[in-house]
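Novice: Just passing along the structure, written as C-alpha cells.
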Amino acid sequence: MSTVLLTGAAGFIGSHIRAQLEARGHEVVAVDGMIPAAHGPDAIAPEGVAVANLRTADIDSMLRGVDVVCHQAAMVGAGVDARDAPDYAADNDLVTARLLAAMYRAGVSRLVLASSMVVYGDGTYTDAVGATVDPPARTTEALEAGHFERYLADGTPAQWALTPESAPIAPRSYYAASKAAQEAFAKAWTLETGGQVTALRYHNVYGPHMPRDTPYAGVAAIFRSQLESGMAPTVFEDGGQMRDFVHVDDIARANVTAIESTPPGFDAFNVCSGQPITIGEVAAELCKAIDGPDPVTTGRFRPGDVRHIVADPARATEVLGFTASVSPADGIAAFATAPLR
C-alpha cells in the first residue's frame, strides 16, 4: 500500500478519493486550502485534513514519506469575469509548479493530476461523410436568432463526434487555460526528471456533496438548487447541448486506479461515462425523479459556451483498465435527492 499526498482532500471530488483510498488500505496525507469558492465562508476542515494554502505553504514537509501525489486542489468553473484570471493562474498553475518543484526535491516521482475536458475547447465535429471539420465559431447574431449549432459552409449543422485525447488543446476560458498550463508544466517535469504523471481529464462530474449553486458550480448542481428552491430548472439554448456526465464515485475510482498503477512518462485520459446525454435530458431526469416542475428551456445563451463536447472513453479502458460503472440514468436519478455541500 502507498502513502498518498492528496490535495483538495476536503473537496467534492477529493473527499470521495480519500474515502476510496482509505478503504483500500492506503495511507492518505490529506490537505486542503478550504477556499470559500469551493467550501463556502468560514468552512471547517473535516477531521484528518490539514488546512494549508498551497500558494505559500511548505510543501516539502508534506511530502516526507510520500510515494505518490494526487493533486485535486484547484479553482474550478467558469468564474464570474476577468477579475478571476489571477486566481486561476495562482491556485492552479503556480500551485502545480510549486508542487512539482517540491516533488523533485523530495524524490517523489509519481503524480496523478486532476485535469478537465475544458482543455479541448469546442470539442470534435464531422461533416456529413464523417470527416473531421472545424466549423466556424458561433456568432452572437446566430445565437440571438436561435441558431445554436455550429454550421458548415453549406448551412447544414456539423455533427458532434467523440473527442479523443489526441484532439487539439484549445482552451476557451481562464479555467481551461489554467488546466492546459497545468498539463504542460507536468509534461515538461516528466521530460526533465523522468517522473510519471497521469492527467485525468474529467468530464461533467456530479454526485453527492457537490457544491450548491455558485458561479463555480456545475450545471447539475445548479438544476438541483433551483428545484430545492421550488423553481423549475432553467435550461439555456434549446437544451440540446450534448455532454458526458460522470459520477463522482467513478472519478474517484479512476484516480485510485491511476495511483495504484501510474503509466510511465506523461499521459492523459478522458474520464467519462461513455454515455452521452443532453443538458435538457439531465434537467428532465432530475425533475422526473422528484416529481418536480418541468424544466423551462429559455433560449438564453452565454457567448463563450461550447455547443457539444463528448469524450471518447476508449484509451482509459485500454491503458488504465478503467470503465465507468454508474450510468447517467441511474446516477442522475439518485442525484435528485443526494445531499449537496
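Identifiers for the C-alpha cells are assigned positionally: chains receive A, B, ... in sequence, residues are indexed from 1 per chain, and ligands are indexed from 1 in the order shown.
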Using only C-alpha atoms, what table do you get, as JSON lines, when you list each residue of region 209-266 of chain A with an atom no more than 12 Å from region 115-119 of chain A, its nearest pair of atoms, and their distance in Å rounded to one decimal, rows by chain then rising number?

Specialist:
{"residue": "A:Arg243", "atom": "CA", "partner": "A:Met117", "partner_atom": "CA", "distance": 10.2}
{"residue": "A:Asp244", "atom": "CA", "partner": "A:Met117", "partner_atom": "CA", "distance": 9.8}
{"residue": "A:Phe245", "atom": "CA", "partner": "A:Met117", "partner_atom": "CA", "distance": 11.3}
{"residue": "A:Val246", "atom": "CA", "partner": "A:Met117", "partner_atom": "CA", "distance": 11.7}
{"residue": "A:Ile251", "atom": "CA", "partner": "A:Ser115", "partner_atom": "CA", "distance": 11.4}
{"residue": "A:Asn255", "atom": "CA", "partner": "A:Ser115", "partner_atom": "CA", "distance": 11.3}

Novice: Got a sec to tell me which of region 62-278 of chain A DSSP assigns to helix (DSSP H, G or I), as a short mmCIF file (atom, residue, chain, number, x, y, z; two decimals) with N, CA, C and O atoms, in the first residue's frame?

Specialist:
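Output saved as result.cif:
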data_model
loop_
_atom_site.label_atom_id
_atom_site.label_comp_id
_atom_site.auth_asym_id
_atom_site.auth_seq_id
_atom_site.Cartn_x
_atom_site.Cartn_y
_atom_site.Cartn_z
N MET A 62 5.20 18.27 3.65
CA MET A 62 4.05 17.40 3.39
C MET A 62 4.45 16.13 2.65
O MET A 62 3.74 15.13 2.70
N ALA A 82 -13.27 38.61 -15.80
CA ALA A 82 -11.82 38.61 -15.99
C ALA A 82 -11.04 38.84 -14.70
O ALA A 82 -9.85 38.51 -14.62
N ARG A 83 -11.71 39.36 -13.67
CA ARG A 83 -11.01 39.55 -12.41
C ARG A 83 -10.64 38.23 -11.74
O ARG A 83 -9.81 38.20 -10.83
N ASP A 84 -11.24 37.13 -12.19
CA ASP A 84 -10.89 35.81 -11.66
C ASP A 84 -9.57 35.28 -12.22
O ASP A 84 -9.01 34.32 -11.68
N ALA A 85 -9.08 35.85 -13.32
CA ALA A 85 -7.92 35.29 -14.01
C ALA A 85 -6.70 35.09 -13.11
O ALA A 85 -6.07 34.03 -13.14
N PRO A 86 -6.31 36.08 -12.29
CA PRO A 86 -5.14 35.86 -11.44
C PRO A 86 -5.30 34.70 -10.46
O PRO A 86 -4.34 33.98 -10.17
N ASP A 87 -6.53 34.49 -9.96
CA ASP A 87 -6.74 33.38 -9.02
C ASP A 87 -6.65 32.03 -9.73
O ASP A 87 -6.13 31.07 -9.16
N TYR A 88 -7.17 31.95 -10.95
CA TYR A 88 -7.00 30.70 -11.70
C TYR A 88 -5.51 30.40 -11.92
O TYR A 88 -5.06 29.26 -11.75
N ALA A 89 -4.76 31.43 -12.30
CA ALA A 89 -3.33 31.22 -12.55
C ALA A 89 -2.59 30.85 -11.28
O ALA A 89 -1.72 29.97 -11.29
N ALA A 90 -2.95 31.48 -10.16
CA ALA A 90 -2.24 31.21 -8.90
C ALA A 90 -2.65 29.87 -8.31
O ALA A 90 -1.80 29.03 -7.98
N ASP A 91 -3.97 29.65 -8.15
CA ASP A 91 -4.43 28.43 -7.48
C ASP A 91 -4.16 27.18 -8.31
O ASP A 91 -3.98 26.09 -7.74
N ASN A 92 -4.14 27.30 -9.62
CA ASN A 92 -3.97 26.12 -10.46
C ASN A 92 -2.54 25.99 -10.97
O ASN A 92 -1.91 24.92 -10.82
N ASP A 93 -1.99 27.03 -11.56
CA ASP A 93 -0.69 26.89 -12.22
C ASP A 93 0.50 27.13 -11.28
O ASP A 93 1.44 26.34 -11.25
N LEU A 94 0.46 28.21 -10.51
CA LEU A 94 1.54 28.44 -9.56
C LEU A 94 1.63 27.30 -8.55
O LEU A 94 2.72 26.79 -8.27
N VAL A 95 0.49 26.87 -8.04
CA VAL A 95 0.49 25.78 -7.06
C VAL A 95 1.05 24.50 -7.67
O VAL A 95 1.85 23.79 -7.04
N THR A 96 0.66 24.19 -8.91
CA THR A 96 1.18 22.98 -9.56
C THR A 96 2.69 23.08 -9.76
O THR A 96 3.42 22.11 -9.53
N ALA A 97 3.18 24.25 -10.16
CA ALA A 97 4.62 24.43 -10.34
C ALA A 97 5.36 24.26 -9.01
O ALA A 97 6.42 23.62 -8.95
N ARG A 98 4.81 24.81 -7.93
CA ARG A 98 5.43 24.66 -6.61
C ARG A 98 5.42 23.20 -6.18
O ARG A 98 6.40 22.70 -5.61
N LEU A 99 4.33 22.51 -6.47
CA LEU A 99 4.22 21.10 -6.10
C LEU A 99 5.24 20.26 -6.86
O LEU A 99 5.94 19.41 -6.26
N LEU A 100 5.38 20.49 -8.16
CA LEU A 100 6.35 19.73 -8.96
C LEU A 100 7.78 19.99 -8.49
O LEU A 100 8.59 19.06 -8.42
N ALA A 101 8.09 21.23 -8.17
CA ALA A 101 9.43 21.53 -7.67
C ALA A 101 9.70 20.83 -6.34
O ALA A 101 10.79 20.27 -6.12
N ALA A 102 8.71 20.82 -5.46
CA ALA A 102 8.87 20.15 -4.16
C ALA A 102 9.00 18.65 -4.34
O ALA A 102 9.78 17.99 -3.64
N MET A 103 8.24 18.08 -5.28
CA MET A 103 8.36 16.64 -5.56
C MET A 103 9.76 16.30 -6.04
O MET A 103 10.33 15.27 -5.64
N TYR A 104 10.33 17.14 -6.87
CA TYR A 104 11.69 16.92 -7.34
C TYR A 104 12.68 16.93 -6.18
O TYR A 104 13.54 16.04 -6.06
N ARG A 105 12.53 17.92 -5.30
CA ARG A 105 13.44 17.99 -4.15
C ARG A 105 13.29 16.78 -3.24
O ARG A 105 14.27 16.30 -2.65
N ALA A 106 12.05 16.28 -3.11
CA ALA A 106 11.79 15.17 -2.19
C ALA A 106 12.02 13.80 -2.82
O ALA A 106 11.95 12.78 -2.12
N MET A 117 -12.03 18.25 -19.25
CA MET A 117 -12.44 18.26 -20.66
C MET A 117 -12.33 19.65 -21.27
O MET A 117 -12.27 19.80 -22.50
N VAL A 118 -12.32 20.69 -20.43
CA VAL A 118 -12.31 22.06 -20.97
C VAL A 118 -11.06 22.36 -21.78
O VAL A 118 -11.06 23.31 -22.57
N VAL A 119 -10.01 21.56 -21.63
CA VAL A 119 -8.80 21.82 -22.42
C VAL A 119 -9.06 21.63 -23.91
O VAL A 119 -8.33 22.17 -24.75
N TYR A 120 -10.12 20.88 -24.28
CA TYR A 120 -10.42 20.63 -25.69
C TYR A 120 -11.17 21.77 -26.35
O TYR A 120 -11.40 21.73 -27.56
N THR A 140 -22.77 35.87 -32.09
CA THR A 140 -23.83 36.39 -31.24
C THR A 140 -25.12 36.55 -32.02
O THR A 140 -26.22 36.26 -31.53
N GLU A 141 -25.00 36.98 -33.28
CA GLU A 141 -26.18 37.17 -34.11
C GLU A 141 -26.91 35.85 -34.34
O GLU A 141 -28.15 35.78 -34.25
N ALA A 142 -26.17 34.77 -34.60
CA ALA A 142 -26.79 33.47 -34.80
C ALA A 142 -27.46 32.97 -33.52
O ALA A 142 -28.58 32.44 -33.55
N LEU A 143 -26.79 33.14 -32.39
CA LEU A 143 -27.34 32.70 -31.12
C LEU A 143 -28.62 33.46 -30.79
O LEU A 143 -29.60 32.88 -30.31
N GLU A 144 -28.61 34.77 -31.04
CA GLU A 144 -29.81 35.57 -30.78
C GLU A 144 -30.98 35.12 -31.65
O GLU A 144 -32.15 35.24 -31.24
N TYR A 174 -10.51 31.14 -18.77
CA TYR A 174 -9.35 31.21 -17.87
C TYR A 174 -9.14 29.89 -17.16
O TYR A 174 -8.00 29.43 -16.98
N TYR A 175 -10.23 29.26 -16.74
CA TYR A 175 -10.10 27.95 -16.10
C TYR A 175 -9.48 26.95 -17.06
O TYR A 175 -8.55 26.22 -16.70
N ALA A 176 -9.99 26.91 -18.29
CA ALA A 176 -9.46 25.96 -19.27
C ALA A 176 -7.98 26.23 -19.55
O ALA A 176 -7.17 25.29 -19.64
N ALA A 177 -7.62 27.50 -19.67
CA ALA A 177 -6.21 27.84 -19.91
C ALA A 177 -5.34 27.38 -18.74
O ALA A 177 -4.22 26.89 -18.94
N SER A 178 -5.86 27.51 -17.52
CA SER A 178 -5.07 27.10 -16.36
C SER A 178 -4.90 25.58 -16.32
O SER A 178 -3.84 25.09 -15.91
N LYS A 179 -5.92 24.82 -16.74
CA LYS A 179 -5.79 23.36 -16.75
C LYS A 179 -4.81 22.92 -17.84
O LYS A 179 -4.01 21.99 -17.65
N ALA A 180 -4.87 23.56 -19.00
CA ALA A 180 -3.91 23.24 -20.07
C ALA A 180 -2.49 23.54 -19.61
O ALA A 180 -1.55 22.78 -19.90
N ALA A 181 -2.32 24.65 -18.90
CA ALA A 181 -0.99 25.00 -18.40
C ALA A 181 -0.51 24.00 -17.35
O ALA A 181 0.68 23.64 -17.32
N GLN A 182 -1.41 23.54 -16.48
CA GLN A 182 -1.04 22.51 -15.51
C GLN A 182 -0.48 21.29 -16.23
O GLN A 182 0.56 20.74 -15.83
N GLU A 183 -1.18 20.84 -17.26
CA GLU A 183 -0.70 19.68 -18.01
C GLU A 183 0.67 19.96 -18.64
O GLU A 183 1.55 19.09 -18.66
N ALA A 184 0.85 21.17 -19.18
CA ALA A 184 2.11 21.50 -19.83
C ALA A 184 3.26 21.50 -18.83
O ALA A 184 4.36 20.98 -19.11
N PHE A 185 3.05 22.09 -17.65
CA PHE A 185 4.08 22.05 -16.61
C PHE A 185 4.40 20.61 -16.23
O PHE A 185 5.57 20.23 -16.08
N ALA A 186 3.36 19.80 -16.07
CA ALA A 186 3.56 18.41 -15.65
C ALA A 186 4.32 17.61 -16.72
O ALA A 186 5.20 16.80 -16.39
N LYS A 187 3.97 17.82 -17.97
CA LYS A 187 4.67 17.10 -19.03
C LYS A 187 6.14 17.51 -19.10
O LYS A 187 7.04 16.64 -19.24
N ALA A 188 6.42 18.81 -19.00
CA ALA A 188 7.80 19.28 -19.00
C ALA A 188 8.58 18.67 -17.84
O ALA A 188 9.75 18.29 -17.98
N TRP A 189 7.93 18.55 -16.68
CA TRP A 189 8.56 17.96 -15.50
C TRP A 189 8.93 16.51 -15.74
O TRP A 189 10.01 16.05 -15.35
N THR A 190 8.05 15.74 -16.39
CA THR A 190 8.38 14.34 -16.66
C THR A 190 9.55 14.22 -17.61
O THR A 190 10.40 13.33 -17.47
N LEU A 191 9.62 15.12 -18.60
CA LEU A 191 10.72 15.06 -19.57
C LEU A 191 12.05 15.38 -18.90
O LEU A 191 13.09 14.80 -19.24
N GLU A 192 12.03 16.28 -17.93
CA GLU A 192 13.27 16.68 -17.26
C GLU A 192 13.68 15.70 -16.18
O GLU A 192 14.88 15.42 -16.00
N THR A 193 12.70 15.15 -15.45
CA THR A 193 13.03 14.36 -14.27
C THR A 193 12.88 12.85 -14.47
O THR A 193 13.35 12.08 -13.63
N VAL A 219 -23.50 22.44 -13.79
CA VAL A 219 -24.90 22.66 -14.17
C VAL A 219 -25.84 21.73 -13.42
O VAL A 219 -26.96 22.12 -13.08
N ALA A 220 -25.41 20.51 -13.13
CA ALA A 220 -26.29 19.59 -12.41
C ALA A 220 -26.62 20.12 -11.02
O ALA A 220 -27.77 20.03 -10.56
N ALA A 221 -25.63 20.71 -10.34
CA ALA A 221 -25.89 21.28 -9.02
C ALA A 221 -26.76 22.52 -9.11
O ALA A 221 -27.58 22.78 -8.22
N ILE A 222 -26.62 23.30 -10.17
CA ILE A 222 -27.46 24.47 -10.36
C ILE A 222 -28.92 24.05 -10.53
O ILE A 222 -29.83 24.62 -9.92
N PHE A 223 -29.15 23.01 -11.35
CA PHE A 223 -30.52 22.49 -11.50
C PHE A 223 -31.07 22.01 -10.15
O PHE A 223 -32.22 22.27 -9.81
N ARG A 224 -30.24 21.29 -9.40
CA ARG A 224 -30.68 20.80 -8.08
C ARG A 224 -31.05 21.94 -7.16
O ARG A 224 -32.07 21.89 -6.45
N SER A 225 -30.24 22.99 -7.15
CA SER A 225 -30.50 24.14 -6.29
C SER A 225 -31.81 24.82 -6.67
O SER A 225 -32.58 25.24 -5.80
N GLN A 226 -32.07 24.91 -7.97
CA GLN A 226 -33.32 25.52 -8.42
C GLN A 226 -34.52 24.68 -7.96
O GLN A 226 -35.52 25.23 -7.48
N LEU A 227 -34.42 23.37 -8.09
CA LEU A 227 -35.51 22.51 -7.66
C LEU A 227 -35.74 22.61 -6.15
O LEU A 227 -36.89 22.64 -5.68
N GLU A 228 -34.67 22.65 -5.37
CA GLU A 228 -34.81 22.77 -3.92
C GLU A 228 -35.48 24.08 -3.52
O GLU A 228 -36.11 24.16 -2.46
N VAL A 248 -19.23 10.96 -9.48
CA VAL A 248 -18.03 11.20 -8.70
C VAL A 248 -17.41 9.91 -8.18
O VAL A 248 -16.19 9.82 -8.00
N ASP A 249 -18.21 8.88 -7.93
CA ASP A 249 -17.63 7.60 -7.49
C ASP A 249 -16.74 7.01 -8.58
O ASP A 249 -15.69 6.41 -8.29
N ASP A 250 -17.13 7.19 -9.85
CA ASP A 250 -16.28 6.72 -10.94
C ASP A 250 -15.03 7.58 -11.08
O ASP A 250 -13.94 7.06 -11.37
N ILE A 251 -15.17 8.88 -10.89
CA ILE A 251 -13.99 9.75 -10.90
C ILE A 251 -12.99 9.31 -9.84
O ILE A 251 -11.78 9.21 -10.09
N ALA A 252 -13.48 9.05 -8.64
CA ALA A 252 -12.60 8.61 -7.55
C ALA A 252 -11.93 7.29 -7.90
O ALA A 252 -10.73 7.12 -7.66
N ARG A 253 -12.69 6.38 -8.48
CA ARG A 253 -12.11 5.07 -8.83
C ARG A 253 -11.05 5.21 -9.91
O ARG A 253 -10.03 4.49 -9.88
N ALA A 254 -11.24 6.12 -10.85
CA ALA A 254 -10.21 6.35 -11.87
C ALA A 254 -8.92 6.85 -11.23
O ALA A 254 -7.82 6.46 -11.63
N ASN A 255 -9.05 7.73 -10.24
CA ASN A 255 -7.86 8.22 -9.54
C ASN A 255 -7.15 7.10 -8.79
O ASN A 255 -5.92 7.00 -8.84
N VAL A 256 -7.91 6.29 -8.09
CA VAL A 256 -7.30 5.18 -7.36
C VAL A 256 -6.59 4.23 -8.32
O VAL A 256 -5.48 3.76 -8.06
N THR A 257 -7.22 3.96 -9.45
CA THR A 257 -6.61 3.10 -10.46
C THR A 257 -5.28 3.67 -10.93
O THR A 257 -4.27 2.95 -11.03
N ALA A 258 -5.24 4.98 -11.21
CA ALA A 258 -4.00 5.61 -11.67
C ALA A 258 -2.95 5.67 -10.58
O ALA A 258 -1.75 5.53 -10.84
N ILE A 259 -3.38 5.87 -9.34
CA ILE A 259 -2.43 5.90 -8.22
C ILE A 259 -1.78 4.53 -8.04
O ILE A 259 -0.57 4.44 -7.79
N GLU A 260 -2.55 3.50 -8.18
CA GLU A 260 -2.02 2.15 -7.95
C GLU A 260 -1.21 1.62 -9.12
O GLU A 260 -0.42 0.68 -8.95
#

Novice: Name all residues at most 6 Å from region 66-76 of chain A (count only C-alpha atoms; drop same-chain ones fewer than 5 positions away) and give them as an mmCIF file with N, CA and C atoms, in the first residue's frame.

Specialist:
data_model
loop_
_atom_site.group_PDB
_atom_site.id
_atom_site.type_symbol
_atom_site.label_atom_id
_atom_site.label_comp_id
_atom_site.auth_asym_id
_atom_site.auth_seq_id
_atom_site.Cartn_x
_atom_site.Cartn_y
_atom_site.Cartn_z
ATOM 1 N N SER A 2 0.380 2.317 -0.596
ATOM 2 C CA SER A 2 1.142 3.548 -0.763
ATOM 3 C C SER A 2 0.736 4.599 0.268
ATOM 4 N N THR A 3 1.638 5.556 0.468
ATOM 5 C CA THR A 3 1.301 6.775 1.181
ATOM 6 C C THR A 3 1.064 7.850 0.132
ATOM 7 N N VAL A 4 -0.117 8.452 0.159
ATOM 8 C CA VAL A 4 -0.554 9.368 -0.887
ATOM 9 C C VAL A 4 -0.765 10.754 -0.304
ATOM 10 N N LEU A 5 -0.102 11.769 -0.876
ATOM 11 C CA LEU A 5 -0.438 13.156 -0.556
ATOM 12 C C LEU A 5 -1.617 13.537 -1.448
ATOM 13 N N LEU A 6 -2.752 13.826 -0.818
ATOM 14 C CA LEU A 6 -3.968 14.178 -1.545
ATOM 15 C C LEU A 6 -4.288 15.642 -1.276
ATOM 16 N N THR A 7 -4.152 16.483 -2.310
ATOM 17 C CA THR A 7 -4.531 17.889 -2.172
ATOM 18 C C THR A 7 -6.006 18.048 -2.544
ATOM 19 N N GLY A 8 -6.635 19.068 -1.996
ATOM 20 C CA GLY A 8 -8.079 19.223 -2.215
ATOM 21 C C GLY A 8 -8.875 18.121 -1.556
ATOM 22 N N TYR A 88 -7.167 31.947 -10.954
ATOM 23 C CA TYR A 88 -6.998 30.697 -11.701
ATOM 24 C C TYR A 88 -5.514 30.400 -11.920
ATOM 25 N N ASP A 91 -3.969 29.647 -8.147
ATOM 26 C CA ASP A 91 -4.427 28.427 -7.478
ATOM 27 C C ASP A 91 -4.159 27.175 -8.308
ATOM 28 N N ASN A 92 -4.144 27.298 -9.619
ATOM 29 C CA ASN A 92 -3.967 26.121 -10.456
ATOM 30 C C ASN A 92 -2.537 25.986 -10.970
ATOM 31 N N ARG A 110 5.900 10.282 -8.786
ATOM 32 C CA ARG A 110 4.600 9.948 -9.398
ATOM 33 C C ARG A 110 3.526 10.957 -8.995
ATOM 34 N N LEU A 111 2.780 11.414 -10.005
ATOM 35 C CA LEU A 111 1.714 12.388 -9.791
ATOM 36 C C LEU A 111 0.486 11.982 -10.591
ATOM 37 N N VAL A 112 -0.672 12.017 -9.941
ATOM 38 C CA VAL A 112 -1.962 11.904 -10.630
ATOM 39 C C VAL A 112 -2.606 13.278 -10.543
ATOM 40 N N LEU A 113 -2.902 13.853 -11.698
ATOM 41 C CA LEU A 113 -3.324 15.247 -11.798
ATOM 42 C C LEU A 113 -4.768 15.350 -12.268
ATOM 43 N N ALA A 114 -5.568 16.133 -11.551
ATOM 44 C CA ALA A 114 -6.940 16.404 -11.984
ATOM 45 C C ALA A 114 -6.917 17.421 -13.106
#

Novice: Determine which residues of region 219-307 of chain A receive a DSSP assignment of strand (DSSP E or B), computed from the backbone, and state them as a PyMOL selection string.

Specialist: chain A and resi 234-235+242-243+245-247+266-271+277-278+296-297

Novice: Would you compute the distance between CA of Thr126 (chain A) and CA of Asp238 (chain A)? Give it in Å to one decimal.

Specialist: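 Computing the Euclidean distance for CA of Thr126 (chain A) and CA of Asp238 (chain A) yields 21.0 Å.
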
Novice: Would you list the contacts of region 31-41 of chain A as a list in words, taking every protein, DNA or RNA residue within 9 Å and counting only C-alpha atoms, but skipping same-chain residues closer than 2 positions in sequence?

Specialist: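 So, after excluding close chain neighbours, the residues are Leu5, Leu6, Thr7, Gly8, Ala9, Ala10, Gly11, Phe12, Val29, Ala43, Ile44, Ala45, Gly48, Val49, Ala50, Val51, Ala52, Asn53, Leu54, Met62, Ala73, Met75, Val76, Pro211, Thr214, Pro215, Tyr216, Ala217 and Arg341 of chain A.
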
Novice: Which one is closest to Asp330 (chain A): A:His209, A:Arg55, A:Arg64, A:His247? Count only C-alpha atoms.

Specialist: A:His247

Novice: Can you tell me how far CA of Ile169 (chain A) sits from CA of Gly77 (chain A), in Å to one decimal?

Specialist: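 It comes out at 17.8 Å.
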
Novice: Just checking: using only C-alpha atoms, which residue out of A:Ile290, A:Ala158, A:Cys272, A:Ala336 ends up closest to Arg315 (chain A)?

Specialist: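 So, comparing all the options, the nearest one is A:Cys272.
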
Novice: Please build the interface table for region 144-218 of chain A against region 15-28 of chain A with a cut-off of 12 Å, listing for each qualifying residue the nearest atom pair and the distance in Å to one decimal; count only C-alpha atoms, order rows by chain and increasing number, and write it as a Markdown table.

Specialist:
| residue | atom | partner | partner_atom | distance |
| --- | --- | --- | --- | --- |
| A:Tyr206 | CA | A:His16 | CA | 11.7 |
| A:Gly207 | CA | A:His16 | CA | 9.9 |
| A:Pro208 | CA | A:His16 | CA | 9.3 |
| A:His209 | CA | A:Ser15 | CA | 9.2 |
| A:Met210 | CA | A:Ser15 | CA | 10.6 |

Novice: Only all heavy atoms, please: the residues just picked out, written as a compact mmCIF listing (two decimals), in the first residue's frame.

Specialist:
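So the final result, stored in again_11.txt, reads:
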# COMPACT_ATOMS: atom_id res chain seq x y z
N TYR A 206 -20.71 14.85 -11.31
CA TYR A 206 -21.84 15.12 -10.43
C TYR A 206 -21.89 14.04 -9.36
O TYR A 206 -21.23 13.00 -9.48
CB TYR A 206 -23.17 15.13 -11.22
CG TYR A 206 -23.56 13.74 -11.70
CD1 TYR A 206 -24.49 12.97 -10.99
CD2 TYR A 206 -22.98 13.17 -12.83
CE1 TYR A 206 -24.83 11.69 -11.41
CE2 TYR A 206 -23.32 11.90 -13.25
CZ TYR A 206 -24.23 11.16 -12.54
OH TYR A 206 -24.55 9.89 -12.94
N GLY A 207 -22.68 14.28 -8.32
CA GLY A 207 -22.83 13.27 -7.29
C GLY A 207 -23.03 13.88 -5.92
O GLY A 207 -23.10 15.11 -5.77
N PRO A 208 -23.13 13.05 -4.87
CA PRO A 208 -23.37 13.54 -3.51
C PRO A 208 -22.30 14.53 -3.06
O PRO A 208 -21.13 14.38 -3.37
CB PRO A 208 -23.33 12.27 -2.66
CG PRO A 208 -23.59 11.15 -3.62
CD PRO A 208 -23.02 11.58 -4.93
N HIS A 209 -22.76 15.56 -2.32
CA HIS A 209 -21.91 16.57 -1.71
C HIS A 209 -21.28 17.52 -2.74
O HIS A 209 -20.28 18.19 -2.44
CB HIS A 209 -20.83 15.93 -0.84
CG HIS A 209 -21.38 15.00 0.18
ND1 HIS A 209 -22.21 15.42 1.21
CD2 HIS A 209 -21.28 13.64 0.32
CE1 HIS A 209 -22.58 14.37 1.93
NE2 HIS A 209 -22.04 13.29 1.42
N MET A 210 -21.90 17.58 -3.91
CA MET A 210 -21.49 18.56 -4.90
C MET A 210 -21.80 19.96 -4.37
O MET A 210 -22.80 20.16 -3.68
CB MET A 210 -22.27 18.31 -6.19
CG MET A 210 -21.75 19.01 -7.41
SD MET A 210 -22.68 18.46 -8.87
CE MET A 210 -21.76 19.30 -10.15

Novice: Nearest residue to Arg138 (chain A) out of A:Val282, A:Val271, A:Leu152, A:Ala333, using only C-alpha atoms?

Specialist: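 Looking at the shortest contact to Arg138 (chain A), the residue is A:Leu152.
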
Novice: Quote the spacing between CA of Gly121 (chain A) and CA of Ser173 (chain A) in Å to one decimal place.

Specialist: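 Rounded to one decimal, the two atoms are 8.5 Å apart.
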
Novice: Quick one: residues within 8 Å of Asp294 (chain A), only C-alpha atoms counted, chain neighbours fewer than 2 positions away excluded, as a list of chain:residue names?

Specialist: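 Once the nearby chain positions are removed, what remains is A:Ala232, A:Pro233, A:Ala284, A:Cys287, A:Gly292, A:Val296.
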
Novice: Name the residues in contact with Gly130 (chain A) at a cut-off of 12 Å, using only C-alpha atoms, excluding same-chain residues fewer than 6 positions from it; report them as a PyMOL selection string.

Specialist: chain A and resi 124+158-162

Novice: Which is closest to Gly240 (chain A) among A:Thr163, A:Phe148, A:Gly155, A:Arg172, if we use only C-alpha atoms?

Specialist: A:Phe148
